[in-house]
$ cat final.csv   # CSV, C-alpha atoms and all ligand atoms
chain,number,residue,atom,x,y,z
C,926,MET,CA,16.1,-53.4,-26.8
C,927,LYS,CA,12.3,-53.8,-26.8
C,928,PHE,CA,10.4,-52.4,-23.8
C,929,ALA,CA,6.9,-52.7,-22.3
C,930,ASP,CA,4.7,-50.7,-19.9
C,931,LEU,CA,2.2,-53.0,-18.2
C,932,HIS,CA,0.5,-50.7,-15.8
C,933,LEU,CA,-1.6,-47.9,-17.4
C,934,HIS,CA,-4.9,-46.2,-16.7
C,935,THR,CA,-7.2,-44.2,-19.0
C,936,HIS,CA,-10.4,-42.2,-18.5
C,937,PHE,CA,-12.3,-45.5,-18.3
C,938,SER,CA,-11.1,-45.4,-14.7
C,939,ASP,CA,-9.2,-42.6,-13.0
C,940,GLY,CA,-6.7,-41.7,-15.7
C,941,THR,CA,-7.2,-38.6,-17.9
C,942,PHE,CA,-5.9,-39.9,-21.3
C,943,THR,CA,-8.1,-41.6,-23.9
C,944,PRO,CA,-6.8,-45.0,-25.1
C,945,GLU,CA,-5.7,-43.3,-28.3
C,946,GLU,CA,-3.8,-40.5,-26.5
C,947,LEU,CA,-2.0,-43.0,-24.2
C,948,THR,CA,-1.0,-45.2,-27.2
C,949,GLY,CA,0.2,-42.1,-29.0
C,950,HIS,CA,2.5,-41.2,-26.1
C,951,ALA,CA,3.7,-44.8,-25.9
C,952,ALA,CA,4.5,-44.8,-29.7
C,953,ARG,CA,6.5,-41.7,-29.4
C,954,LEU,CA,8.5,-43.2,-26.5
C,955,GLY,CA,9.1,-46.3,-28.6
C,956,PHE,CA,7.3,-49.0,-26.5
C,957,ALA,CA,6.9,-52.4,-28.1
C,958,ALA,CA,4.1,-53.6,-25.8
C,959,LEU,CA,1.5,-52.1,-23.5
C,960,ALA,CA,-1.1,-53.4,-21.1
C,961,LEU,CA,-4.2,-51.4,-20.0
C,962,THR,CA,-5.0,-51.9,-16.4
C,963,ASP,CA,-7.9,-49.7,-15.5
C,964,HIS,CA,-9.4,-50.1,-12.0
C,965,ASP,CA,-12.3,-52.6,-12.0
C,966,SER,CA,-12.8,-52.2,-15.8
C,967,VAL,CA,-11.9,-53.7,-19.1
C,968,GLU,CA,-14.0,-51.3,-21.1
C,969,GLY,CA,-11.1,-49.3,-22.6
C,970,CYS,CA,-9.4,-52.5,-23.9
C,971,ALA,CA,-11.1,-52.7,-27.3
C,972,ARG,CA,-10.2,-49.1,-28.2
C,973,MET,CA,-6.7,-49.5,-26.8
C,974,ALA,CA,-6.2,-52.7,-28.8
C,975,ALA,CA,-7.3,-50.9,-32.0
C,976,ALA,CA,-5.0,-48.0,-31.3
C,977,CYS,CA,-2.1,-50.3,-30.5
C,978,GLY,CA,-2.7,-52.3,-33.6
C,979,ALA,CA,-2.6,-49.2,-35.8
C,980,ALA,CA,0.7,-48.1,-34.1
C,981,GLY,CA,2.3,-51.5,-34.4
C,982,ILE,CA,2.4,-52.0,-30.6
C,983,GLU,CA,1.6,-55.3,-29.0
C,984,PHE,CA,-1.4,-55.0,-26.6
C,985,ILE,CA,-2.3,-57.0,-23.5
C,986,PRO,CA,-5.9,-56.5,-22.2
C,987,GLY,CA,-5.9,-56.2,-18.4
C,988,SER,CA,-7.4,-54.7,-15.3
C,989,GLU,CA,-6.4,-53.7,-11.7
C,990,LEU,CA,-8.6,-55.2,-9.0
C,991,THR,CA,-8.6,-54.0,-5.4
C,992,ALA,CA,-8.5,-56.9,-3.0
C,993,GLU,CA,-7.5,-57.8,0.5
C,994,TYR,CA,-6.1,-60.7,2.5
C,995,ASN,CA,-6.1,-60.7,6.3
C,996,ASP,CA,-7.1,-57.0,6.2
C,997,ILE,CA,-4.1,-56.1,4.1
C,998,GLU,CA,-4.9,-54.3,0.9
C,999,VAL,CA,-3.5,-55.7,-2.2
C,1000,HIS,CA,-4.0,-54.6,-5.8
C,1001,LEU,CA,-4.2,-57.5,-8.3
C,1002,LEU,CA,-3.3,-57.0,-12.0
C,1003,GLY,CA,-4.9,-59.4,-14.5
C,1004,TYR,CA,-3.2,-59.8,-17.9
C,1005,PHE,CA,-4.4,-61.4,-21.1
C,1006,LEU,CA,-7.9,-61.3,-19.8
C,1007,ASP,CA,-10.8,-62.5,-21.9
C,1008,THR,CA,-12.7,-59.1,-21.8
C,1009,GLN,CA,-15.9,-60.9,-22.7
C,1010,ASN,CA,-15.7,-63.4,-19.8
C,1011,GLN,CA,-19.2,-63.2,-18.2
C,1012,THR,CA,-18.1,-64.1,-14.7
C,1013,LEU,CA,-15.4,-61.4,-14.8
C,1014,LEU,CA,-17.8,-58.8,-16.2
C,1015,ALA,CA,-20.4,-59.6,-13.6
C,1016,GLU,CA,-17.9,-59.3,-10.8
C,1017,ILE,CA,-16.4,-56.1,-12.1
C,1018,GLY,CA,-19.9,-54.7,-12.4
C,1019,LYS,CA,-20.5,-55.3,-8.7
C,1020,PHE,CA,-17.3,-53.4,-7.8
C,1021,GLN,CA,-18.2,-50.5,-10.1
C,1022,ALA,CA,-21.6,-50.2,-8.3
C,1023,VAL,CA,-19.6,-50.2,-5.0
C,1024,ARG,CA,-17.4,-47.4,-6.3
C,1025,GLN,CA,-20.4,-45.3,-7.4
C,1026,ASN,CA,-22.0,-45.7,-4.0
C,1027,ARG,CA,-18.7,-44.8,-2.3
C,1028,ILE,CA,-18.6,-41.5,-4.3
C,1029,ARG,CA,-22.1,-40.7,-3.0
C,1030,GLU,CA,-20.9,-41.4,0.6
C,1031,MET,CA,-17.8,-39.3,0.2
C,1032,VAL,CA,-19.7,-36.3,-1.2
C,1033,ALA,CA,-22.3,-36.7,1.7
C,1034,ARG,CA,-19.4,-36.5,4.1
C,1035,LEU,CA,-18.0,-33.5,2.4
C,1036,ASN,CA,-21.4,-31.8,2.5
C,1037,ALA,CA,-21.7,-32.6,6.2
C,1038,LEU,CA,-18.3,-30.8,6.6
C,1039,GLY,CA,-19.7,-27.7,4.9
C,1040,VAL,CA,-18.1,-28.4,1.5
C,1041,PRO,CA,-20.7,-27.7,-1.1
C,1042,LEU,CA,-19.8,-30.3,-3.8
C,1043,GLU,CA,-22.6,-31.9,-5.7
C,1044,VAL,CA,-22.4,-35.6,-6.5
C,1045,GLU,CA,-23.6,-35.0,-10.1
C,1046,THR,CA,-20.6,-32.8,-10.6
C,1047,VAL,CA,-18.3,-35.7,-9.7
C,1048,PHE,CA,-20.1,-38.2,-11.9
C,1049,ALA,CA,-20.1,-35.7,-14.8
C,1050,LEU,CA,-16.4,-35.2,-14.4
C,1051,ALA,CA,-15.6,-38.9,-13.9
C,1052,ASN,CA,-17.8,-39.9,-16.9
C,1053,CYS,CA,-17.0,-43.6,-16.3
C,1054,LYS,CA,-18.3,-46.6,-14.5
C,1055,SER,CA,-15.3,-46.9,-12.2
C,1056,PRO,CA,-15.1,-43.6,-10.4
C,1057,GLY,CA,-12.6,-43.1,-7.5
C,1058,ARG,CA,-11.1,-40.6,-5.1
C,1059,PRO,CA,-9.0,-38.9,-7.9
C,1060,HIS,CA,-12.3,-37.8,-9.5
C,1061,VAL,CA,-13.6,-36.3,-6.2
C,1062,ALA,CA,-10.2,-34.5,-5.9
C,1063,ARG,CA,-10.4,-33.2,-9.4
C,1064,ALA,CA,-14.0,-32.0,-8.9
C,1065,LEU,CA,-13.1,-30.3,-5.6
C,1066,THR,CA,-10.1,-28.5,-7.4
C,1067,LYS,CA,-12.2,-27.5,-10.4
C,1068,ALA,CA,-14.9,-26.0,-8.2
C,1069,GLY,CA,-12.2,-24.0,-6.4
C,1070,LEU,CA,-13.0,-25.7,-3.1
C,1071,VAL,CA,-9.4,-26.7,-2.7
C,1072,LYS,CA,-6.2,-25.4,-4.2
C,1073,ASN,CA,-5.0,-28.6,-5.8
C,1074,LEU,CA,-5.3,-32.4,-5.8
C,1075,ASP,CA,-2.8,-32.7,-3.0
C,1076,GLU,CA,-4.9,-30.5,-0.7
C,1077,ALA,CA,-8.0,-32.5,-1.6
C,1078,PHE,CA,-6.3,-35.7,-0.5
C,1079,GLU,CA,-4.5,-34.2,2.5
C,1080,ARG,CA,-7.6,-32.5,3.9
C,1081,PHE,CA,-10.3,-34.9,3.0
C,1082,LEU,CA,-9.7,-38.0,1.0
C,1083,LYS,CA,-6.6,-39.8,2.4
C,1084,LYS,CA,-7.1,-42.8,4.6
C,1085,ASN,CA,-8.7,-41.7,7.9
C,1086,ARG,CA,-9.3,-38.1,6.8
C,1087,PRO,CA,-12.9,-36.9,7.3
C,1088,ALA,CA,-14.3,-37.6,3.8
C,1089,TRP,CA,-12.5,-40.9,3.4
C,1090,VAL,CA,-14.7,-43.9,2.9
C,1091,PRO,CA,-13.3,-47.4,3.0
C,1092,LYS,CA,-13.8,-49.4,-0.1
C,1093,ALA,CA,-15.3,-52.9,-0.1
C,1094,LYS,CA,-12.7,-55.2,-1.5
C,1095,MET,CA,-12.8,-58.7,-2.9
C,1096,SER,CA,-10.8,-61.4,-1.2
C,1097,ALA,CA,-7.4,-61.7,-2.8
C,1098,LEU,CA,-7.7,-65.4,-3.2
C,1099,GLU,CA,-11.0,-65.0,-5.0
C,1100,GLY,CA,-9.3,-62.2,-7.1
C,1101,VAL,CA,-6.6,-64.6,-8.3
C,1102,GLU,CA,-9.3,-67.2,-9.2
C,1103,LEU,CA,-11.4,-64.6,-11.0
C,1104,ILE,CA,-8.5,-63.5,-13.2
C,1105,GLN,CA,-7.5,-67.0,-14.0
C,1106,GLN,CA,-10.9,-68.3,-14.8
C,1107,ALA,CA,-11.0,-65.4,-17.4
C,1108,GLY,CA,-7.9,-66.8,-19.0
C,1109,GLY,CA,-5.6,-64.2,-17.3
C,1110,LEU,CA,-2.4,-64.2,-15.4
C,1111,ALA,CA,-2.7,-62.8,-11.8
C,1112,VAL,CA,0.0,-60.4,-10.7
C,1113,MET,CA,0.5,-58.6,-7.4
C,1114,ALA,CA,0.7,-54.9,-8.1
C,1115,HIS,CA,3.3,-52.5,-6.6
C,1116,PRO,CA,4.0,-54.7,-3.5
C,1117,GLY,CA,6.4,-51.9,-2.2
C,1118,LEU,CA,3.4,-49.6,-1.7
C,1119,ASN,CA,1.1,-51.9,0.3
C,1120,ARG,CA,3.4,-53.3,3.0
C,1121,SER,CA,2.0,-56.6,1.9
C,1122,ASP,CA,5.1,-58.9,1.8
C,1123,GLU,CA,3.8,-61.2,4.5
C,1124,ILE,CA,0.8,-62.3,2.4
C,1125,ILE,CA,2.9,-63.2,-0.7
C,1126,PRO,CA,3.3,-66.9,0.3
C,1127,ALA,CA,-0.5,-67.3,0.7
C,1128,LEU,CA,-1.1,-65.7,-2.7
C,1129,VAL,CA,1.6,-67.9,-4.3
C,1130,GLU,CA,-0.2,-70.9,-2.7
C,1131,ALA,CA,-3.4,-69.7,-4.3
C,1132,GLY,CA,-1.8,-69.7,-7.7
C,1133,LEU,CA,-0.4,-66.1,-8.1
C,1134,ASP,CA,1.4,-65.9,-11.4
C,1135,GLY,CA,3.7,-62.9,-11.0
C,1136,ILE,CA,4.7,-59.8,-9.1
C,1137,GLU,CA,5.2,-56.2,-10.2
C,1138,CYS,CA,8.9,-55.6,-9.4
C,1139,PHE,CA,9.3,-52.4,-11.4
C,1140,HIS,CA,6.9,-49.5,-10.6
C,1141,THR,CA,7.4,-45.7,-10.6
C,1142,LYS,CA,7.2,-45.7,-6.8
C,1143,HIS,CA,9.6,-48.6,-6.2
C,1144,SER,CA,13.1,-47.7,-5.2
C,1145,THR,CA,16.0,-49.6,-6.8
C,1146,ALA,CA,16.3,-51.5,-3.5
C,1147,MET,CA,12.6,-52.4,-3.5
C,1148,SER,CA,12.8,-53.6,-7.1
C,1149,GLU,CA,15.8,-55.8,-6.2
C,1150,ARG,CA,14.0,-57.2,-3.2
C,1151,TYR,CA,10.9,-58.2,-5.3
C,1152,LEU,CA,13.1,-59.7,-8.1
C,1153,GLU,CA,14.6,-61.9,-5.4
C,1154,ILE,CA,11.1,-62.8,-4.1
C,1155,ALA,CA,10.0,-63.6,-7.7
C,1156,ASP,CA,12.9,-65.8,-8.2
C,1157,ARG,CA,12.3,-67.7,-4.9
C,1158,HIS,CA,8.7,-68.3,-5.7
C,1159,HIS,CA,9.1,-68.9,-9.4
C,1160,LEU,CA,6.9,-65.8,-10.2
C,1161,LEU,CA,6.8,-63.8,-13.4
C,1162,VAL,CA,8.3,-60.4,-13.2
C,1163,THR,CA,6.3,-57.4,-14.5
C,1164,GLY,CA,6.5,-53.6,-14.4
C,1165,GLY,CA,4.8,-50.5,-15.4
C,1166,SER,CA,4.5,-46.8,-14.8
C,1167,ASP,CA,1.0,-46.7,-13.3
C,1168,CYS,CA,0.5,-43.6,-15.5
C,1169,HIS,CA,-2.8,-41.8,-14.8
C,1170,GLY,CA,-2.3,-39.0,-17.3
C,1171,PHE,CA,-2.7,-35.7,-15.5
C,1172,SER,CA,-4.9,-37.2,-12.8
C,1173,LYS,CA,-1.9,-37.3,-10.4
C,1174,GLY,CA,0.4,-34.5,-11.5
C,1175,LYS,CA,2.5,-35.3,-14.6
C,1176,PRO,CA,2.0,-38.3,-16.9
C,1177,LEU,CA,4.3,-41.1,-15.8
C,1178,ILE,CA,4.4,-43.1,-19.0
C,1179,GLY,CA,8.1,-43.6,-19.9
C,1180,THR,CA,9.3,-43.7,-16.3
C,1181,VAL,CA,9.3,-47.5,-16.2
C,1182,LYS,CA,10.6,-49.6,-19.2
C,1183,LEU,CA,10.2,-53.3,-18.7
C,1184,PRO,CA,12.5,-55.4,-20.8
C,1185,TYR,CA,10.4,-57.3,-23.3
C,1186,GLU,CA,11.8,-60.6,-22.3
C,1187,HIS,CA,9.4,-60.5,-19.3
C,1188,VAL,CA,6.4,-60.2,-21.7
C,1189,GLN,CA,7.8,-63.2,-23.6
C,1190,LYS,CA,7.9,-65.2,-20.4
C,1191,MET,CA,4.3,-64.2,-19.6
C,1192,LYS,CA,3.2,-65.5,-23.0
C,1193,GLU,CA,5.1,-68.7,-22.4
C,1194,ARG,CA,3.5,-69.3,-19.0
C,1195,ARG,CA,0.1,-68.6,-20.4
C,1196,GLY,CA,0.8,-70.9,-23.3
C,1197,VAL,CA,1.6,-73.9,-21.3
C,1198,GLU,CA,-1.4,-73.7,-19.0
C,1199,PRO,CA,-5.0,-74.2,-20.2
C,1200,LEU,CA,-7.1,-71.1,-20.4
C,1201,ASN,CA,-9.7,-72.4,-18.0
C,1202,ARG,CA,-7.9,-73.6,-15.0
I,1301,LIG,P1,-9.6,-45.2,-4.9
I,1301,LIG,O1,-9.5,-46.3,-5.9
I,1301,LIG,O2,-10.9,-44.4,-5.1
I,1301,LIG,O3,-9.3,-45.6,-3.5
I,1301,LIG,O4,-8.5,-44.2,-5.4
I,1301,LIG,C1,-7.2,-44.6,-5.5
I,1301,LIG,C2,-6.4,-43.7,-6.4
I,1301,LIG,O5,-6.2,-42.5,-5.7
I,1301,LIG,C3,-5.1,-44.3,-6.8
I,1301,LIG,O6,-4.9,-44.1,-8.1
I,1301,LIG,C4,-4.2,-43.6,-5.9
I,1301,LIG,O7,-2.9,-43.5,-6.4
I,1301,LIG,C5,-4.8,-42.2,-5.8
I,1301,LIG,N1,-4.3,-41.6,-4.5
I,1301,LIG,C6,-4.3,-42.2,-3.3
I,1301,LIG,N2,-3.8,-41.4,-2.4
I,1301,LIG,C7,-3.4,-40.2,-3.0
I,1301,LIG,C8,-2.8,-39.0,-2.7
I,1301,LIG,N3,-2.5,-38.8,-1.4
I,1301,LIG,N4,-2.6,-38.1,-3.6
I,1301,LIG,C9,-3.0,-38.3,-4.9
I,1301,LIG,N5,-3.5,-39.5,-5.3
I,1301,LIG,C10,-3.8,-40.4,-4.4
I,1302,ZN,ZN,-5.9,-45.2,-10.1
I,1303,FE,FE,-2.8,-49.8,-7.6
I,1304,FE,FE,-2.8,-48.5,-11.0
$ encode --input "final.csv" --output "structure tokens" --more "lines below"
Ligand code: AMP
Ligand code: ZN
Ligand code: FE
Ligand code: FE
Amino acid sequence: MKFADLHLHTHFSDGTFTPEELTGHAARLGFAALALTDHDSVEGCARMAAACGAAGIEFIPGSELTAEYNDIEVHLLGYFLDTQNQTLLAEIGKFQAVRQNRIREMVARLNALGVPLEVETVFALANCKSPGRPHVARALTKAGLVKNLDEAFERFLKKNRPAWVPKAKMSALEGVELIQQAGGLAVMAHPGLNRSDEIIPALVEAGLDGIECFHTKHSTAMSERYLEIADRHHLLVTGGSDCHGFSKGKPLIGTVKLPYEHVQKMKERRGVEPLNR
């Protein structure tokens, strides 16, 4: 049996592995195909493609975009993206700037709470264009201002906690369009985590290509539910570990093994539709 992991993060967003390290772990686990889906970034894709090529692993360039529809947050995965697509790069660039400003705002709130964290410390640790809350959590932990990442989120960074700053999101309908105009397939990420089932029909209407049925945080019942929904709406089925390296405890790669037949179906769907829809 051939398997794929189609949801992975590197240090080009909030993961801790390099593309080469991640590929090395995947090779040891016997994966046949991988997709890189860093938040608001395709920067790691070139190195990941090279590492996968050397390891004999099929590589799919991707990204994970944060979007919303009717005030419901939804993460969109783009697969088989043209990583040189200018519209995609421009839009991603805007959201990277939003992320950087949000880090400044979160640190300002921490400072107002008497937590002496410097924004440059976070940026130095993040060392990427797509910084996020895990970087703030790691910087707080490293500085000894909290005991661990959990405490950082529980005390400060979780939604509605005192240093939480809402993130400007793109419209999910525009997100689907952005991915597809870059030659990609648009897939709804971990629907079981976002309580977003009610928006699925609208996204399907907008051309959504697939849904992530298998995810580390999906129970078996959840996976079965989304497999049914995929079947009903004629959506592709995807899955991945959402591994962030050591950014969220233990590396998750290997916890989800998507049967390769789903990758084959993705390629077929992509093949029958023109790149620029
Ligand atoms: P951001 O994109 O800045 O909103 O950060 C989102 C990242 O933070 C995702 O990778 C989440 O899985 C992670 N995250 C969110 N809540 C928690 C939490 N309570 N503990 C650890 N990581 C979290
Ligand atoms: Zn993340
Ligand atoms: Fe996500
Ligand atoms: Fe993710």
$ closest_residue --input "final.csv" --among "C:Glu1045, C:Ala1114, C:Val1032, C:Thr1141" --to "C:Leu1177" --atoms "only C-alpha atoms"
C:Thr1141
$ atom_distance --input "final.csv" --atom1 "atom CA of C:Leu933" --atom2 "atom CA of C:Ala1107"
19.9 Å
$ closest_atom_pairs --input "final.csv" --of "stretch 971-1059 of chain C" --to "stretch 951-954 of chain C" --cutoff "9 Å" --atoms "only C-alpha atoms" --output "tab-separated table"
residue	atom	partner	partner_atom	distance
C:Cys977	CA	C:Ala952	CA	8.6
C:Ala980	CA	C:Ala952	CA	6.7
C:Gly981	CA	C:Ala952	CA	8.5
C:Ile982	CA	C:Ala952	CA	7.6
$ atom_distance --input "final.csv" --atom1 "atom CA of C:Glu1186" --atom2 "atom CA of C:Asp1156"
15.1 Å
$ residues_near_ligand --input "final.csv" --ligand "ligand LIG 1301 (chain I)" --cutoff "7 Å" --atoms "all atoms listed in the file" --output "list in words"
Asp939, Pro1056, Gly1057, Arg1058, Pro1059, Leu1074, Asp1075, Phe1078, Glu1079, Lys1083, Lys1092 and Lys1173 of chain C
$ residues_around --input "final.csv" --residues "C:Ala1131" --least-positions-apart "3" --cutoff "9 Å" --atoms "all atoms listed in the file" --output "PyMOL selection string"
chain C and resi 1098-1099+1101-1102+1126-1128
$ residues_near_ligand --input "final.csv" --ligand "ligand ZN 1302 (chain I)" --cutoff "7 Å" --atoms "all atoms listed in the file" --output "ChimeraX atom specification"
/C:934,938-940,964,1169
$ closest_residue --input "final.csv" --among "C:Leu1110, C:Cys1168, C:Ala1015, C:Cys1053" --to "ligand FE 1303 (chain I)" --atoms "only C-alpha atoms and all ligand atoms"
C:Cys1168
$ residues_near_ligand --input "final.csv" --ligand "ligand FE 1303 (chain I)" --cutoff "7 Å" --atoms "all atoms listed in the file" --output "PyMOL selection string"
chain C and resi 989+1000+1114-1115
$ closest_residue --input "final.csv" --among "C:Asn995, C:Asn1026, C:Ser966, C:Gln1106" --to "ligand FE 1304 (chain I)" --atoms "all atoms listed in the file"
C:Ser966
$ residues_around --input "final.csv" --residues "C:Lys1067" --least-positions-apart "3" --cutoff "12 Å" --atoms "all atoms listed in the file" --output "PyMOL selection string"
chain C and resi 1042+1046-1047+1050+1060-1064+1070-1074+1077
$ residues_near_point --input "final.csv" --point "(8.4, -60.4, -17.8)" --cutoff "10 Å" --atoms "only C-alpha atoms" --output "number ranges by chain"
C: 929, 931, 1135-1138, 1160-1164, 1183-1192
$ closest_residue --input "final.csv" --among "C:Ile1124, C:Ser1096, C:Gly1165, C:Phe942" --to "ligand FE 1304 (chain I)" --atoms "only C-alpha atoms and all ligand atoms"
C:Gly1165
$ closest_residue --input "final.csv" --among "C:Gly1132, C:Gly1100, C:Gly1179, C:Gly987" --to "ligand FE 1304 (chain I)" --atoms "only C-alpha atoms and all ligand atoms"
C:Gly987
$ atom_distance --input "final.csv" --atom1 "atom CA of C:Leu1065" --atom2 "atom CA of C:Pro1176"
20.5 Å
$ residues_around --input "final.csv" --residues "C:Leu1006" --least-positions-apart "4" --cutoff "12 Å" --atoms "all atoms listed in the file" --output "ChimeraX atom specification"
/C:960-962,966-968,970-971,984-989,1002,1010-1014,1103-1111,1195,1200-1201
$ write_last_selection --input "final.csv" --atoms "C-alpha atoms" --output "CSV table (one decimal), in the coordinates of the input"
chain,number,residue,atom,x,y,z
C,960,ALA,CA,-1.1,-53.4,-21.1
C,961,LEU,CA,-4.2,-51.4,-20.0
C,962,THR,CA,-5.0,-51.9,-16.4
C,966,SER,CA,-12.8,-52.2,-15.8
C,967,VAL,CA,-11.9,-53.7,-19.1
C,968,GLU,CA,-14.0,-51.3,-21.1
C,970,CYS,CA,-9.4,-52.5,-23.9
C,971,ALA,CA,-11.1,-52.7,-27.3
C,984,PHE,CA,-1.4,-55.0,-26.6
C,985,ILE,CA,-2.3,-57.0,-23.5
C,986,PRO,CA,-5.9,-56.5,-22.2
C,987,GLY,CA,-5.9,-56.2,-18.4
C,988,SER,CA,-7.4,-54.7,-15.3
C,989,GLU,CA,-6.4,-53.7,-11.7
C,1002,LEU,CA,-3.3,-57.0,-12.0
C,1010,ASN,CA,-15.7,-63.4,-19.8
C,1011,GLN,CA,-19.2,-63.2,-18.2
C,1012,THR,CA,-18.1,-64.1,-14.7
C,1013,LEU,CA,-15.4,-61.4,-14.8
C,1014,LEU,CA,-17.8,-58.8,-16.2
C,1103,LEU,CA,-11.4,-64.6,-11.0
C,1104,ILE,CA,-8.5,-63.5,-13.2
C,1105,GLN,CA,-7.5,-67.0,-14.0
C,1106,GLN,CA,-10.9,-68.3,-14.8
C,1107,ALA,CA,-11.0,-65.4,-17.4
C,1108,GLY,CA,-7.9,-66.8,-19.0
C,1109,GLY,CA,-5.6,-64.2,-17.3
C,1110,LEU,CA,-2.4,-64.2,-15.4
C,1111,ALA,CA,-2.7,-62.8,-11.8
C,1195,ARG,CA,0.1,-68.6,-20.4
C,1200,LEU,CA,-7.1,-71.1,-20.4
C,1201,ASN,CA,-9.7,-72.4,-18.0
$ closest_residue --input "final.csv" --among "C:Thr943, C:Asn1036, C:Ser1055, C:Thr935" --to "C:Gly1018" --atoms "only C-alpha atoms"
C:Ser1055
$ build_atoms --input "final.csv" --residues "stretch 1055-1061 of chain C" --atoms "all heavy atoms" --output "compact mmCIF listing (two decimals), in the coordinates of the input"
# COMPACT_ATOMS: atom_id res chain seq x y z
N SER C 1055 -16.20 -46.59 -13.28
CA SER C 1055 -15.30 -46.90 -12.20
C SER C 1055 -14.74 -45.64 -11.51
O SER C 1055 -13.52 -45.44 -11.49
CB SER C 1055 -14.11 -47.74 -12.68
OG SER C 1055 -14.42 -49.10 -12.70
N PRO C 1056 -15.61 -44.79 -10.97
CA PRO C 1056 -15.10 -43.60 -10.40
C PRO C 1056 -14.34 -43.83 -9.07
O PRO C 1056 -14.61 -44.82 -8.39
CB PRO C 1056 -16.35 -42.73 -10.10
CG PRO C 1056 -17.43 -43.75 -9.92
CD PRO C 1056 -17.07 -44.91 -10.81
N GLY C 1057 -13.41 -42.94 -8.74
CA GLY C 1057 -12.60 -43.10 -7.50
C GLY C 1057 -12.28 -41.77 -6.90
O GLY C 1057 -12.71 -40.71 -7.37
N ARG C 1058 -11.44 -41.82 -5.87
CA ARG C 1058 -11.10 -40.60 -5.10
C ARG C 1058 -10.44 -39.53 -6.03
O ARG C 1058 -10.69 -38.34 -5.82
CB ARG C 1058 -10.16 -40.95 -3.98
CG ARG C 1058 -10.89 -41.54 -2.80
CD ARG C 1058 -9.94 -41.88 -1.69
NE ARG C 1058 -9.09 -43.00 -2.04
CZ ARG C 1058 -8.00 -43.34 -1.39
NH1 ARG C 1058 -7.59 -42.62 -0.36
NH2 ARG C 1058 -7.29 -44.39 -1.75
N PRO C 1059 -9.60 -39.91 -7.01
CA PRO C 1059 -9.00 -38.90 -7.90
C PRO C 1059 -10.10 -38.00 -8.56
O PRO C 1059 -9.88 -36.81 -8.78
CB PRO C 1059 -8.19 -39.63 -8.87
CG PRO C 1059 -7.83 -40.89 -8.16
CD PRO C 1059 -9.03 -41.23 -7.34
N HIS C 1060 -11.24 -38.61 -8.87
CA HIS C 1060 -12.30 -37.80 -9.50
C HIS C 1060 -12.88 -36.81 -8.51
O HIS C 1060 -13.20 -35.68 -8.88
CB HIS C 1060 -13.42 -38.74 -10.02
CG HIS C 1060 -12.98 -39.63 -11.13
ND1 HIS C 1060 -12.98 -41.00 -11.03
CD2 HIS C 1060 -12.50 -39.36 -12.38
CE1 HIS C 1060 -12.53 -41.54 -12.16
NE2 HIS C 1060 -12.23 -40.55 -12.98
N VAL C 1061 -13.05 -37.24 -7.26
CA VAL C 1061 -13.60 -36.30 -6.20
C VAL C 1061 -12.55 -35.18 -6.05
O VAL C 1061 -12.91 -34.00 -5.98
CB VAL C 1061 -13.80 -37.05 -4.90
CG1 VAL C 1061 -14.30 -36.09 -3.83
CG2 VAL C 1061 -14.79 -38.20 -5.09
